[in-house]
$ cat structure-v8.tsv   # TSV, C-alpha atoms and all ligand atoms
chain	number	residue	atom	x	y	z
A	1	MET	CA	8.40	-9.19	29.08
A	2	ARG	CA	4.89	-10.48	28.69
A	3	ILE	CA	2.16	-7.87	29.03
A	4	SER	CA	0.20	-10.42	31.09
A	5	ASP	CA	2.98	-10.15	33.71
A	6	ILE	CA	2.75	-6.34	33.65
A	7	LEU	CA	-1.05	-6.60	34.09
A	8	GLN	CA	-0.56	-8.80	37.15
A	9	LYS	CA	1.66	-6.20	38.79
A	10	LYS	CA	-0.18	-3.03	37.82
A	11	ALA	CA	-3.81	-2.13	38.32
A	12	LYS	CA	-3.72	0.37	35.44
A	13	THR	CA	-1.53	0.39	32.33
A	14	PHE	CA	-0.82	3.18	29.85
A	15	SER	CA	0.10	2.32	26.30
A	16	PHE	CA	0.48	4.02	22.93
A	17	GLU	CA	-0.17	2.82	19.40
A	18	PHE	CA	1.91	3.67	16.31
A	19	PHE	CA	1.69	2.72	12.66
A	20	PRO	CA	4.59	2.10	10.22
A	21	PRO	CA	5.28	5.24	8.17
A	22	LYS	CA	5.70	4.90	4.41
A	23	THR	CA	9.12	6.60	4.10
A	24	GLU	CA	12.54	6.24	5.74
A	25	LYS	CA	12.26	9.86	6.91
A	26	GLY	CA	8.89	9.03	8.47
A	27	ILE	CA	10.45	6.11	10.33
A	28	PHE	CA	13.17	8.36	11.80
A	29	GLN	CA	10.48	10.84	12.86
A	30	LEU	CA	8.52	7.99	14.42
A	31	TYR	CA	11.54	6.89	16.47
A	32	ASP	CA	11.93	10.46	17.65
A	33	THR	CA	8.26	10.48	18.73
A	34	VAL	CA	8.65	7.13	20.49
A	35	ARG	CA	11.72	8.42	22.36
A	36	LYS	CA	9.60	11.35	23.61
A	37	ILE	CA	6.87	8.93	24.66
A	38	LYS	CA	9.50	6.90	26.54
A	39	GLU	CA	9.92	9.86	28.92
A	40	LEU	CA	6.33	9.14	30.05
A	41	ALA	CA	7.36	5.60	31.07
A	42	PRO	CA	4.62	3.79	29.11
A	43	ASP	CA	3.87	0.19	30.07
A	44	PHE	CA	4.03	-0.83	26.44
A	45	VAL	CA	3.61	0.48	22.92
A	46	SER	CA	1.98	-1.25	19.97
A	47	VAL	CA	2.78	-1.22	16.25
A	48	THR	CA	0.07	-1.86	13.68
A	49	TYR	CA	0.28	-4.37	10.82
A	50	GLY	CA	-1.15	-3.85	7.32
A	51	ALA	CA	-3.77	-6.55	6.76
A	52	GLY	CA	-2.56	-9.07	4.21
A	53	GLY	CA	1.05	-8.31	5.08
A	54	SER	CA	1.34	-4.92	3.30
A	55	THR	CA	3.54	-3.51	6.09
A	56	ARG	CA	4.96	-6.80	7.34
A	57	ASP	CA	8.68	-6.07	7.09
A	58	LYS	CA	8.39	-2.47	8.27
A	59	SER	CA	6.10	-3.39	11.17
A	60	PHE	CA	8.53	-6.09	12.33
A	61	GLU	CA	11.56	-3.80	11.90
A	62	ILE	CA	9.82	-1.12	13.99
A	63	VAL	CA	8.73	-3.41	16.85
A	64	ASP	CA	12.26	-4.80	16.92
A	65	TYR	CA	13.81	-1.30	17.08
A	66	ILE	CA	11.39	0.01	19.71
A	67	LYS	CA	11.84	-3.05	21.91
A	68	ASN	CA	15.54	-3.72	21.52
A	69	THR	CA	17.07	-0.31	20.77
A	70	ILE	CA	14.74	2.28	22.31
A	71	GLY	CA	13.92	-0.11	25.13
A	72	ILE	CA	10.13	-0.07	25.57
A	73	GLU	CA	8.01	-3.23	25.85
A	74	THR	CA	6.10	-3.76	22.61
A	75	ILE	CA	3.14	-5.64	21.27
A	76	SER	CA	3.13	-6.48	17.60
A	77	HIS	CA	-0.27	-6.27	15.87
A	78	PHE	CA	-0.66	-9.24	13.56
A	79	THR	CA	-3.53	-10.08	11.19
A	80	CYS	CA	-4.38	-13.44	9.68
A	81	VAL	CA	-6.41	-12.40	6.62
A	82	GLY	CA	-4.73	-13.30	3.32
A	83	HIS	CA	-1.96	-15.41	4.89
A	84	THR	CA	-1.55	-19.16	4.77
A	85	VAL	CA	-1.00	-20.96	8.05
A	86	ASP	CA	2.64	-21.57	7.08
A	87	GLU	CA	3.18	-17.86	6.40
A	88	LEU	CA	1.65	-17.00	9.76
A	89	GLN	CA	3.96	-19.44	11.52
A	90	THR	CA	7.04	-18.07	9.69
A	91	SER	CA	6.14	-14.55	10.86
A	92	LEU	CA	5.54	-15.70	14.43
A	93	ASP	CA	8.94	-17.43	14.43
A	94	GLU	CA	10.55	-14.24	13.14
A	95	LEU	CA	8.92	-12.15	15.87
A	96	LYS	CA	10.04	-14.65	18.49
A	97	SER	CA	13.61	-14.51	17.17
A	98	LYS	CA	13.53	-10.72	17.67
A	99	GLY	CA	12.55	-11.23	21.30
A	100	ILE	CA	8.93	-10.10	20.86
A	101	ASP	CA	6.72	-11.63	23.57
A	102	ASN	CA	3.35	-10.03	22.81
A	103	ILE	CA	0.99	-10.28	19.83
A	104	LEU	CA	-2.27	-8.42	19.23
A	105	ALA	CA	-4.03	-11.16	17.26
A	106	LEU	CA	-6.44	-9.76	14.68
A	107	ARG	CA	-8.35	-10.87	11.64
A	108	GLY	CA	-7.80	-7.63	9.67
A	109	ASP	CA	-9.94	-6.53	6.75
A	110	SER	CA	-9.49	-8.02	3.29
A	111	PRO	CA	-8.71	-5.44	0.59
A	112	LYS	CA	-11.85	-4.38	-1.30
A	113	GLU	CA	-10.28	-5.05	-4.70
A	114	ASN	CA	-8.34	-8.00	-6.12
A	115	PHE	CA	-8.57	-10.02	-2.93
A	116	GLN	CA	-8.10	-13.76	-3.21
A	117	GLU	CA	-8.98	-15.80	-0.17
A	118	VAL	CA	-6.13	-18.16	0.67
A	119	PRO	CA	-7.14	-21.84	0.66
A	120	ASN	CA	-5.13	-22.71	3.74
A	121	GLY	CA	-5.80	-19.71	5.95
A	122	TYR	CA	-7.87	-18.60	8.91
A	123	LYS	CA	-11.25	-16.90	8.84
A	124	TYR	CA	-11.40	-15.23	12.24
A	125	ALA	CA	-9.05	-13.76	14.83
A	126	SER	CA	-10.08	-16.58	17.19
A	127	ASP	CA	-8.45	-19.06	14.77
A	128	LEU	CA	-5.21	-17.08	14.97
A	129	VAL	CA	-5.43	-16.93	18.77
A	130	ARG	CA	-5.83	-20.73	18.89
A	131	HIS	CA	-2.89	-21.18	16.52
A	132	ILE	CA	-0.62	-18.89	18.56
A	133	ARG	CA	-1.62	-20.59	21.81
A	134	MET	CA	-0.83	-23.99	20.38
A	135	ARG	CA	2.31	-23.22	18.38
A	136	GLY	CA	3.86	-20.08	19.83
A	137	ASN	CA	4.91	-18.84	23.20
A	138	PHE	CA	3.36	-15.37	23.32
A	139	CYS	CA	1.11	-13.25	25.48
A	140	ILE	CA	-1.96	-12.53	23.33
A	141	GLY	CA	-4.17	-9.43	23.13
A	142	VAL	CA	-7.31	-9.16	20.98
A	143	ALA	CA	-9.65	-6.41	19.73
A	144	GLY	CA	-13.03	-5.61	21.30
A	145	TYR	CA	-15.79	-3.31	20.07
A	146	PRO	CA	-17.85	-1.35	22.64
A	147	GLU	CA	-20.22	-0.22	19.86
A	148	LYS	CA	-20.13	-3.60	18.05
A	149	HIS	CA	-17.94	-4.61	15.13
A	150	PRO	CA	-19.51	-3.18	11.92
A	151	GLU	CA	-20.05	-6.65	10.42
A	152	ALA	CA	-21.59	-8.26	13.49
A	153	PRO	CA	-25.37	-8.82	13.38
A	154	SER	CA	-25.78	-7.73	17.03
A	155	LYS	CA	-23.82	-6.64	20.09
A	156	GLU	CA	-24.70	-9.94	21.76
A	157	GLN	CA	-23.32	-12.00	18.87
A	158	ASP	CA	-20.18	-9.85	18.71
A	159	LEU	CA	-19.60	-10.38	22.44
A	160	GLN	CA	-20.06	-14.15	22.04
A	161	ASN	CA	-17.37	-14.00	19.35
A	162	LEU	CA	-15.11	-12.05	21.69
A	163	LYS	CA	-15.68	-14.75	24.28
A	164	ILE	CA	-14.43	-17.35	21.79
A	165	LYS	CA	-11.19	-15.36	21.39
A	166	VAL	CA	-10.72	-15.30	25.16
A	167	GLU	CA	-11.56	-18.99	25.51
A	168	GLN	CA	-9.02	-19.80	22.78
A	169	GLY	CA	-6.34	-18.12	24.89
A	170	ALA	CA	-6.39	-14.31	24.66
A	171	ASP	CA	-4.96	-12.68	27.79
A	172	PHE	CA	-6.51	-9.22	27.43
A	173	VAL	CA	-8.60	-7.00	25.17
A	174	ILE	CA	-7.92	-3.53	23.72
A	175	THR	CA	-11.03	-1.73	22.51
A	176	GLN	CA	-11.78	0.08	19.31
A	177	LEU	CA	-11.86	3.86	19.77
A	178	PHE	CA	-15.07	5.29	21.22
A	179	PHE	CA	-16.21	8.68	22.48
A	180	ASN	CA	-18.99	7.79	24.86
A	181	ASN	CA	-17.78	6.22	28.10
A	182	GLU	CA	-21.19	4.66	28.73
A	183	ASP	CA	-20.61	2.44	25.70
A	184	TYR	CA	-17.36	1.20	27.24
A	185	PHE	CA	-18.75	0.52	30.72
A	186	ARG	CA	-21.82	-1.24	29.30
A	187	PHE	CA	-19.52	-3.36	27.14
A	188	VAL	CA	-17.37	-4.36	30.13
A	189	ASP	CA	-20.49	-5.21	32.20
A	190	ASP	CA	-22.05	-7.22	29.38
A	191	ALA	CA	-18.76	-9.03	28.82
A	192	ALA	CA	-18.58	-9.99	32.51
A	193	LYS	CA	-22.19	-11.26	32.39
A	194	ILE	CA	-21.20	-13.85	29.78
A	195	GLY	CA	-17.97	-14.80	31.54
A	196	ILE	CA	-15.32	-12.53	29.99
A	197	PHE	CA	-13.25	-11.40	32.95
A	198	CYS	CA	-9.89	-10.47	31.43
A	199	ARG	CA	-8.77	-6.85	31.29
A	200	ILE	CA	-10.54	-4.71	28.70
A	201	ILE	CA	-8.32	-1.69	28.08
A	202	PRO	CA	-10.13	1.31	26.57
A	203	GLY	CA	-8.70	2.68	23.31
A	204	ILE	CA	-8.77	6.47	23.04
A	205	MET	CA	-8.14	8.66	20.02
A	206	PRO	CA	-8.01	12.38	20.84
A	207	VAL	CA	-9.56	14.55	18.13
A	208	THR	CA	-6.81	16.60	16.50
A	209	ASN	CA	-8.34	16.97	13.03
A	210	PHE	CA	-12.12	17.04	12.54
A	211	ASN	CA	-12.26	15.57	9.02
A	212	GLN	CA	-9.80	12.83	9.88
A	213	ILE	CA	-11.70	11.77	13.00
A	214	LYS	CA	-15.02	11.76	11.09
A	215	LYS	CA	-13.45	9.37	8.57
A	216	PHE	CA	-11.99	7.09	11.26
A	217	ALA	CA	-15.20	7.04	13.27
A	218	GLU	CA	-17.25	6.14	10.20
A	219	MET	CA	-14.82	3.41	9.19
A	220	CYS	CA	-14.88	1.68	12.55
A	221	GLY	CA	-18.50	2.39	13.47
A	222	ALA	CA	-17.80	4.72	16.42
A	223	LYS	CA	-20.38	7.42	17.13
A	224	ILE	CA	-19.12	10.96	17.80
A	225	PRO	CA	-21.60	12.51	20.28
A	226	GLN	CA	-23.78	15.19	18.65
A	227	LYS	CA	-22.76	17.78	21.24
A	228	LEU	CA	-19.07	17.31	20.38
A	229	VAL	CA	-19.85	17.40	16.64
A	230	SER	CA	-21.74	20.71	17.07
A	231	GLU	CA	-18.91	22.25	19.06
A	232	LEU	CA	-16.31	21.08	16.53
A	233	GLU	CA	-18.40	22.39	13.64
A	234	LYS	CA	-18.39	25.86	15.16
A	235	VAL	CA	-14.57	26.00	15.06
A	236	GLU	CA	-13.81	23.64	12.18
A	237	THR	CA	-11.93	26.24	10.13
A	238	ASP	CA	-9.53	26.90	13.01
A	239	ALA	CA	-7.15	23.95	13.44
A	240	THR	CA	-5.88	25.15	16.82
A	241	GLU	CA	-9.40	25.51	18.25
A	242	VAL	CA	-10.32	22.04	16.95
A	243	ALA	CA	-7.25	20.55	18.62
A	244	LEU	CA	-7.97	22.36	21.89
A	245	LEU	CA	-11.57	21.15	21.93
A	246	GLY	CA	-10.40	17.63	21.11
A	247	LEU	CA	-7.88	17.73	23.92
A	248	GLU	CA	-10.39	19.01	26.44
A	249	TYR	CA	-12.88	16.28	25.47
A	250	ALA	CA	-10.31	13.48	25.56
A	251	MET	CA	-8.97	14.68	28.91
A	252	LYS	CA	-12.47	14.58	30.43
A	253	GLN	CA	-13.13	11.19	28.86
A	254	CYS	CA	-9.86	9.69	30.16
A	255	ARG	CA	-10.29	11.12	33.63
A	256	GLU	CA	-13.79	9.67	33.95
A	257	LEU	CA	-12.68	6.28	32.61
A	258	LEU	CA	-9.93	6.03	35.21
A	259	GLU	CA	-12.10	7.34	38.07
A	260	LYS	CA	-14.81	4.80	37.27
A	261	GLY	CA	-12.39	1.87	37.25
A	262	ALA	CA	-11.03	1.39	33.71
A	263	PRO	CA	-7.79	-0.64	33.92
A	264	GLY	CA	-5.70	2.01	32.14
A	265	LEU	CA	-5.72	3.64	28.72
A	266	HIS	CA	-4.44	2.76	25.25
A	267	PHE	CA	-3.85	5.87	23.11
A	268	TYR	CA	-4.21	5.83	19.34
A	269	THR	CA	-1.47	8.41	18.69
A	270	LEU	CA	-1.50	8.58	14.86
A	271	ASN	CA	2.28	8.78	15.31
A	272	LYS	CA	2.14	12.18	17.02
A	273	SER	CA	3.14	12.59	20.63
A	274	ALA	CA	1.88	16.11	21.44
A	275	ALA	CA	-1.82	15.50	22.15
A	276	THR	CA	-1.43	12.24	24.06
A	277	ARG	CA	1.49	13.69	25.99
A	278	ILE	CA	-0.57	16.67	27.19
A	279	ILE	CA	-3.47	14.39	28.17
A	280	PHE	CA	-1.22	11.92	29.93
A	281	GLU	CA	0.65	14.61	31.87
A	282	ASN	CA	-2.61	16.18	33.00
A	283	LEU	CA	-4.25	13.00	34.22
A	301	LIG	P1	-12.65	-11.01	14.53
A	301	LIG	O1	-12.55	-11.11	15.99
A	301	LIG	O2	-12.38	-12.22	13.73
A	301	LIG	O3	-14.10	-10.44	14.20
A	301	LIG	C1	-14.45	-10.01	12.89
A	301	LIG	C2	-15.95	-10.13	12.69
A	301	LIG	O4	-16.32	-11.51	12.61
A	301	LIG	C3	-16.80	-9.57	13.85
A	301	LIG	O5	-17.96	-9.02	13.31
A	301	LIG	C4	-17.11	-10.79	14.70
A	301	LIG	O6	-18.29	-10.62	15.47
A	301	LIG	C5	-17.24	-11.86	13.64
A	301	LIG	N1	-16.87	-13.20	14.09
A	301	LIG	C6	-15.80	-13.55	14.84
A	301	LIG	N2	-15.78	-14.88	15.05
A	301	LIG	C7	-16.86	-15.39	14.41
A	301	LIG	C8	-17.38	-16.69	14.25
A	301	LIG	N3	-16.78	-17.77	14.78
A	301	LIG	N4	-18.51	-16.84	13.50
A	301	LIG	C9	-19.14	-15.78	12.95
A	301	LIG	N5	-18.68	-14.49	13.09
A	301	LIG	C10	-17.56	-14.32	13.79
A	301	LIG	N6	-6.47	-3.88	11.46
A	301	LIG	C11	-5.33	-4.04	10.76
A	301	LIG	O7	-5.39	-4.34	9.56
A	301	LIG	N7	-4.11	-3.87	11.34
A	301	LIG	C12	-3.96	-3.56	12.66
A	301	LIG	O8	-2.84	-3.42	13.15
A	301	LIG	C13	-5.15	-3.38	13.43
A	301	LIG	N8	-5.09	-3.08	14.75
A	301	LIG	C14	-6.24	-2.99	15.49
A	301	LIG	C15	-6.15	-2.75	16.86
A	301	LIG	C16	-7.29	-2.63	17.64
A	301	LIG	C17	-7.17	-2.38	19.13
A	301	LIG	C18	-8.57	-2.76	17.02
A	301	LIG	C19	-9.83	-2.62	17.86
A	301	LIG	C20	-8.68	-3.02	15.67
A	301	LIG	C21	-7.52	-3.14	14.87
A	301	LIG	N9	-7.57	-3.42	13.51
A	301	LIG	C22	-6.41	-3.56	12.79
A	301	LIG	C23	-8.87	-3.53	12.83
A	301	LIG	C24	-9.37	-4.99	12.73
A	301	LIG	O9	-8.50	-5.76	11.95
A	301	LIG	C25	-10.77	-4.92	12.09
A	301	LIG	O10	-11.68	-4.34	12.97
A	301	LIG	C26	-11.30	-6.25	11.55
A	301	LIG	O11	-12.48	-5.95	10.80
A	301	LIG	C27	-11.71	-7.26	12.62
A	301	LIG	O12	-10.65	-7.77	13.28
A	301	LIG	P2	-10.87	-8.67	14.61
A	301	LIG	O13	-9.56	-9.15	15.01
A	301	LIG	O14	-11.70	-7.95	15.57
A	301	LIG	O15	-11.71	-9.87	13.94

$ encode --input "structure-v8.tsv" --output "structure tokens"
Amino acid sequence: MRISDILQKKAKTFSFEFFPPKTEKGIFQLYDTVRKIKELAPDFVSVTYGAGGSTRDKSFEIVDYIKNTIGIETISHFTCVGHTVDELQTSLDELKSKGIDNILALRGDSPKENFQEVPNGYKYASDLVRHIRMRGNFCIGVAGYPEKHPEAPSKEQDLQNLKIKVEQGADFVITQLFFNNEDYFRFVDDAAKIGIFCRIIPGIMPVTNFNQIKKFAEMCGAKIPQKLVSELEKVETDATEVALLGLEYAMKQCRELLEKGAPGLHFYTLNKSAATRIIFENL
């Protein structure tokens, strides 16, 4: 089923993101986690894709299994960096043959070392969106950045680039993780001012490990509020206390997002169900 059809029927959607584990054992554990998430009746789950195709086969095997064996609607992340147009089309055909209806169309980041730009490839996610709209029959999601994409010269320019993705045919947006709801609501307002009216689903990553979240936040340019950092620092040697604080913060953040009109939540699970499950059940 297309996620755009789900969005038409439901005012708020709840979705969960997973990444392909490196080992066979990890994949079995992932399926176990996804089965637990199924009990929460998610609207869809998403599976990430290693930029350049590093996880291509595993990502496709996992979306196939989750959709066709576990029985949850899926969206396959898909990046264009490092692929030729023909390779992209082959992958899209493969996803279609597995019954996948939804693609999160991304540029991805080129590897820092030994990266060779492909002569016949795409530069931006908007190019991939245009390609999919013209040559594939998919519902398309794209990424949005409430605090600006790290490479963009300004928030305004980044939003204009998001608008191009929507104009090329994206049906909805999922945001990068953020901790300050004001950033999200300002982003949605600013997007509407320049004519972006599709759903912008907030992406939430509950803090379960302080060092890990600091790394993620730095990588994607998300600010962790100073008050939360100070509180986490006080308990950083106690993993349980860190997780409890993280849960409490995420719960408050999610509640406020929903109360103030966000069209649902997309949880970055890091392949663990416990934290998101507790948050979801308490909302
Ligand atoms: P784009 O939309 O192409 O934007 C990239 C940069 O180029 C931005 O700074 C933008 O402002 C700028 N830009 C865009 N168009 C133009 C233009 N025409 N002219 C000039 N500048 C332009 N990465 C993965 O590798 N695998 C994943 O599975 C994955 N999943 C993600 C899921 C979500 C919800 C999010 C938010 C991110 C995800 N990423 C993933 C990370 C993403 O690939 C990186 O953030 C990447 O750096 C940008 O991808 P994009 O699709 O946003 O690119």

$ atom_distance --input "structure-v8.tsv" --atom1 "CA of Ile72 in chain A" --atom2 "CA of Ala41 in chain A"
8.4 Å

$ closest_residue --input "structure-v8.tsv" --among "A:Tyr268, A:Phe44, A:Phe187, A:Tyr49" --to "Ile66 in chain A" --atoms "all atoms listed in the file"
A:Phe44

$ residues_near_ligand --input "structure-v8.tsv" --ligand "ligand LIG 301 (chain A)" --cutoff "8 Å" --atoms "all atoms listed in the file" --output "ChimeraX atom specification"
/A:19,47-52,77-79,104-109,123-127,142-145,148-153,157-162,164-165,173-177,203,220

$ axis_aligned_box --input "structure-v8.tsv" --around "range 18-21 of chain A" --padding-each-side "3 Å" --output "lines of an AutoDock Vina configuration file"
center_x = 3.5
center_y = 3.7
center_z = 12.2
size_x = 9.6
size_y = 9.1
size_z = 14.1

$ closest_atom_pairs --input "structure-v8.tsv" --of "range 165-190 of chain A" --to "range 249-264 of chain A" --cutoff "9 Å" --atoms "all atoms listed in the file" --output "JSON lines"
{"residue": "A:Phe179", "atom": "CA", "partner": "A:Gln253", "partner_atom": "CA", "distance": 7.5}
{"residue": "A:Asn180", "atom": "CA", "partner": "A:Gln253", "partner_atom": "CA", "distance": 7.9}
{"residue": "A:Asn181", "atom": "CA", "partner": "A:Leu257", "partner_atom": "CA", "distance": 6.8}
{"residue": "A:Tyr184", "atom": "CA", "partner": "A:Leu257", "partner_atom": "CA", "distance": 8.7}
{"residue": "A:Phe185", "atom": "CA", "partner": "A:Ala262", "partner_atom": "CA", "distance": 8.3}

$ closest_residue --input "structure-v8.tsv" --among "A:Lys25, A:Lys227, A:Arg199, A:Lys272" --to "Lys10 in chain A" --atoms "all atoms listed in the file"
A:Arg199

$ closest_atom_pairs --input "structure-v8.tsv" --of "range 8-49 of chain A" --to "range 59-63 of chain A" --cutoff "12 Å" --atoms "all atoms listed in the file" --output "JSON lines"
{"residue": "A:Glu17", "atom": "CA", "partner": "A:Val63", "partner_atom": "CA", "distance": 11.2}
{"residue": "A:Phe18", "atom": "CA", "partner": "A:Ile62", "partner_atom": "CA", "distance": 9.5}
{"residue": "A:Phe19", "atom": "CA", "partner": "A:Ser59", "partner_atom": "CA", "distance": 7.7}
{"residue": "A:Pro20", "atom": "CA", "partner": "A:Ser59", "partner_atom": "CA", "distance": 5.8}
{"residue": "A:Pro21", "atom": "CA", "partner": "A:Ser59", "partner_atom": "CA", "distance": 9.2}
{"residue": "A:Lys22", "atom": "CA", "partner": "A:Ser59", "partner_atom": "CA", "distance": 10.7}
{"residue": "A:Glu24", "atom": "CA", "partner": "A:Ile62", "partner_atom": "CA", "distance": 11.4}
{"residue": "A:Gly26", "atom": "CA", "partner": "A:Ile62", "partner_atom": "CA", "distance": 11.6}
{"residue": "A:Ile27", "atom": "CA", "partner": "A:Ile62", "partner_atom": "CA", "distance": 8.1}
{"residue": "A:Phe28", "atom": "CA", "partner": "A:Ile62", "partner_atom": "CA", "distance": 10.3}
{"residue": "A:Leu30", "atom": "CA", "partner": "A:Ile62", "partner_atom": "CA", "distance": 9.2}
{"residue": "A:Tyr31", "atom": "CA", "partner": "A:Ile62", "partner_atom": "CA", "distance": 8.6}
{"residue": "A:Val34", "atom": "CA", "partner": "A:Ile62", "partner_atom": "CA", "distance": 10.6}
{"residue": "A:Phe44", "atom": "CA", "partner": "A:Val63", "partner_atom": "CA", "distance": 11.0}
{"residue": "A:Val45", "atom": "CA", "partner": "A:Val63", "partner_atom": "CA", "distance": 8.8}
{"residue": "A:Ser46", "atom": "CA", "partner": "A:Val63", "partner_atom": "CA", "distance": 7.7}
{"residue": "A:Val47", "atom": "CA", "partner": "A:Val63", "partner_atom": "CA", "distance": 6.4}
{"residue": "A:Thr48", "atom": "CA", "partner": "A:Ser59", "partner_atom": "CA", "distance": 6.7}
{"residue": "A:Tyr49", "atom": "CA", "partner": "A:Ser59", "partner_atom": "CA", "distance": 5.9}

$ write_last_selection --input "structure-v8.tsv" --atoms "C-alpha atoms" --output "PDB file, keeping the file's coordinate frame"
ATOM      1  CA  GLU A  17      -0.170   2.820  19.400  1.00  0.00           C
ATOM      2  CA  PHE A  18       1.910   3.670  16.310  1.00  0.00           C
ATOM      3  CA  PHE A  19       1.690   2.720  12.660  1.00  0.00           C
ATOM      4  CA  PRO A  20       4.590   2.100  10.220  1.00  0.00           C
ATOM      5  CA  PRO A  21       5.280   5.240   8.170  1.00  0.00           C
ATOM      6  CA  LYS A  22       5.700   4.900   4.410  1.00  0.00           C
ATOM      7  CA  GLU A  24      12.540   6.240   5.740  1.00  0.00           C
ATOM      8  CA  GLY A  26       8.890   9.030   8.470  1.00  0.00           C
ATOM      9  CA  ILE A  27      10.450   6.110  10.330  1.00  0.00           C
ATOM     10  CA  PHE A  28      13.170   8.360  11.800  1.00  0.00           C
ATOM     11  CA  LEU A  30       8.520   7.990  14.420  1.00  0.00           C
ATOM     12  CA  TYR A  31      11.540   6.890  16.470  1.00  0.00           C
ATOM     13  CA  VAL A  34       8.650   7.130  20.490  1.00  0.00           C
ATOM     14  CA  PHE A  44       4.030  -0.830  26.440  1.00  0.00           C
ATOM     15  CA  VAL A  45       3.610   0.480  22.920  1.00  0.00           C
ATOM     16  CA  SER A  46       1.980  -1.250  19.970  1.00  0.00           C
ATOM     17  CA  VAL A  47       2.780  -1.220  16.250  1.00  0.00           C
ATOM     18  CA  THR A  48       0.070  -1.860  13.680  1.00  0.00           C
ATOM     19  CA  TYR A  49       0.280  -4.370  10.820  1.00  0.00           C
TER      20      TYR A  49
END

$ closest_residue --input "structure-v8.tsv" --among "A:Ile70, A:Gly141, A:Glu281, A:Phe16" --to "Asp32 in chain A" --atoms "all atoms listed in the file"
A:Ile70

$ closest_residue --input "structure-v8.tsv" --among "A:Asn271, A:His266, A:Pro225, A:Asn211" --to "Ala239 in chain A" --atoms "all atoms listed in the file"
A:Asn211

$ atom_distance --input "structure-v8.tsv" --atom1 "CA of Arg130 in chain A" --atom2 "CA of Leu92 in chain A"
13.2 Å

$ residues_near_point --input "structure-v8.tsv" --point "(6.9, -11.3, 17.2)" --cutoff "10 Å" --atoms "only C-alpha atoms" --output "list of chain:residue names"
A:Ser59, A:Phe60, A:Val63, A:Asp64, A:Thr74, A:Ile75, A:Ser76, A:His77, A:Phe78, A:Ser91, A:Leu92, A:Asp93, A:Glu94, A:Leu95, A:Lys96, A:Ser97, A:Lys98, A:Gly99, A:Ile100, A:Asp101, A:Asn102, A:Ile103, A:Leu104, A:Gly136, A:Asn137, A:Phe138

$ atom_distance --input "structure-v8.tsv" --atom1 "CA of Leu88 in chain A" --atom2 "CA of Ala191 in chain A"
29.0 Å

$ residues_around --input "structure-v8.tsv" --residues "Asp190 in chain A" --least-positions-apart "4" --cutoff "10 Å" --atoms "all atoms listed in the file" --output "JSON, numbers by chain"
{"A": [146, 155, 156, 159, 184, 185, 186, 194, 195, 196]}

$ closest_residue --input "structure-v8.tsv" --among "A:Arg135, A:Lys234, A:Ile213, A:Asp57" --to "Gln89 in chain A" --atoms "all atoms listed in the file"
A:Arg135

$ closest_residue --input "structure-v8.tsv" --among "A:Ile278, A:Ala192, A:Ile3, A:Ile204" --to "Leu265 in chain A" --atoms "only C-alpha atoms"
A:Ile204

$ residues_around --input "structure-v8.tsv" --residues "Thr276 in chain A" --least-positions-apart "6" --cutoff "9 Å" --atoms "only C-alpha atoms" --output "number ranges by chain"
A: 16, 37, 205-206, 247, 267-269

$ build_atoms --input "structure-v8.tsv" --residues "range 201-211 of chain A" --atoms "N, CA and C atoms" --output "PDB file, in the coordinates of the input"
ATOM      1  N   ILE A 201      -8.973  -3.006  28.015  1.00  0.00           N
ATOM      2  CA  ILE A 201      -8.320  -1.690  28.080  1.00  0.00           C
ATOM      3  C   ILE A 201      -8.967  -0.750  27.054  1.00  0.00           C
ATOM      4  N   PRO A 202      -9.467   0.403  27.520  1.00  0.00           N
ATOM      5  CA  PRO A 202     -10.130   1.310  26.570  1.00  0.00           C
ATOM      6  C   PRO A 202      -9.145   1.980  25.610  1.00  0.00           C
ATOM      7  N   GLY A 203      -9.514   2.024  24.345  1.00  0.00           N
ATOM      8  CA  GLY A 203      -8.700   2.680  23.310  1.00  0.00           C
ATOM      9  C   GLY A 203      -9.230   4.082  23.055  1.00  0.00           C
ATOM     10  N   ILE A 204      -8.341   5.066  23.147  1.00  0.00           N
ATOM     11  CA  ILE A 204      -8.770   6.470  23.040  1.00  0.00           C
ATOM     12  C   ILE A 204      -8.018   7.171  21.914  1.00  0.00           C
ATOM     13  N   MET A 205      -8.784   7.848  21.052  1.00  0.00           N
ATOM     14  CA  MET A 205      -8.140   8.660  20.020  1.00  0.00           C
ATOM     15  C   MET A 205      -8.563  10.118  20.198  1.00  0.00           C
ATOM     16  N   PRO A 206      -7.642  10.965  20.680  1.00  0.00           N
ATOM     17  CA  PRO A 206      -8.010  12.380  20.840  1.00  0.00           C
ATOM     18  C   PRO A 206      -8.266  13.014  19.467  1.00  0.00           C
ATOM     19  N   VAL A 207      -9.281  13.865  19.393  1.00  0.00           N
ATOM     20  CA  VAL A 207      -9.560  14.550  18.130  1.00  0.00           C
ATOM     21  C   VAL A 207      -8.495  15.625  17.919  1.00  0.00           C
ATOM     22  N   THR A 208      -7.751  15.516  16.803  1.00  0.00           N
ATOM     23  CA  THR A 208      -6.810  16.600  16.500  1.00  0.00           C
ATOM     24  C   THR A 208      -7.158  17.226  15.149  1.00  0.00           C
ATOM     25  N   ASN A 209      -7.958  16.492  14.366  1.00  0.00           N
ATOM     26  CA  ASN A 209      -8.340  16.970  13.030  1.00  0.00           C
ATOM     27  C   ASN A 209      -9.767  16.459  12.785  1.00  0.00           C
ATOM     28  N   PHE A 210     -10.690  17.395  12.586  1.00  0.00           N
ATOM     29  CA  PHE A 210     -12.120  17.040  12.540  1.00  0.00           C
ATOM     30  C   PHE A 210     -12.430  16.081  11.376  1.00  0.00           C
ATOM     31  N   ASN A 211     -11.933  16.419  10.174  1.00  0.00           N
ATOM     32  CA  ASN A 211     -12.260  15.570   9.020  1.00  0.00           C
ATOM     33  C   ASN A 211     -11.687  14.169   9.174  1.00  0.00           C
TER      34      ASN A 211
END
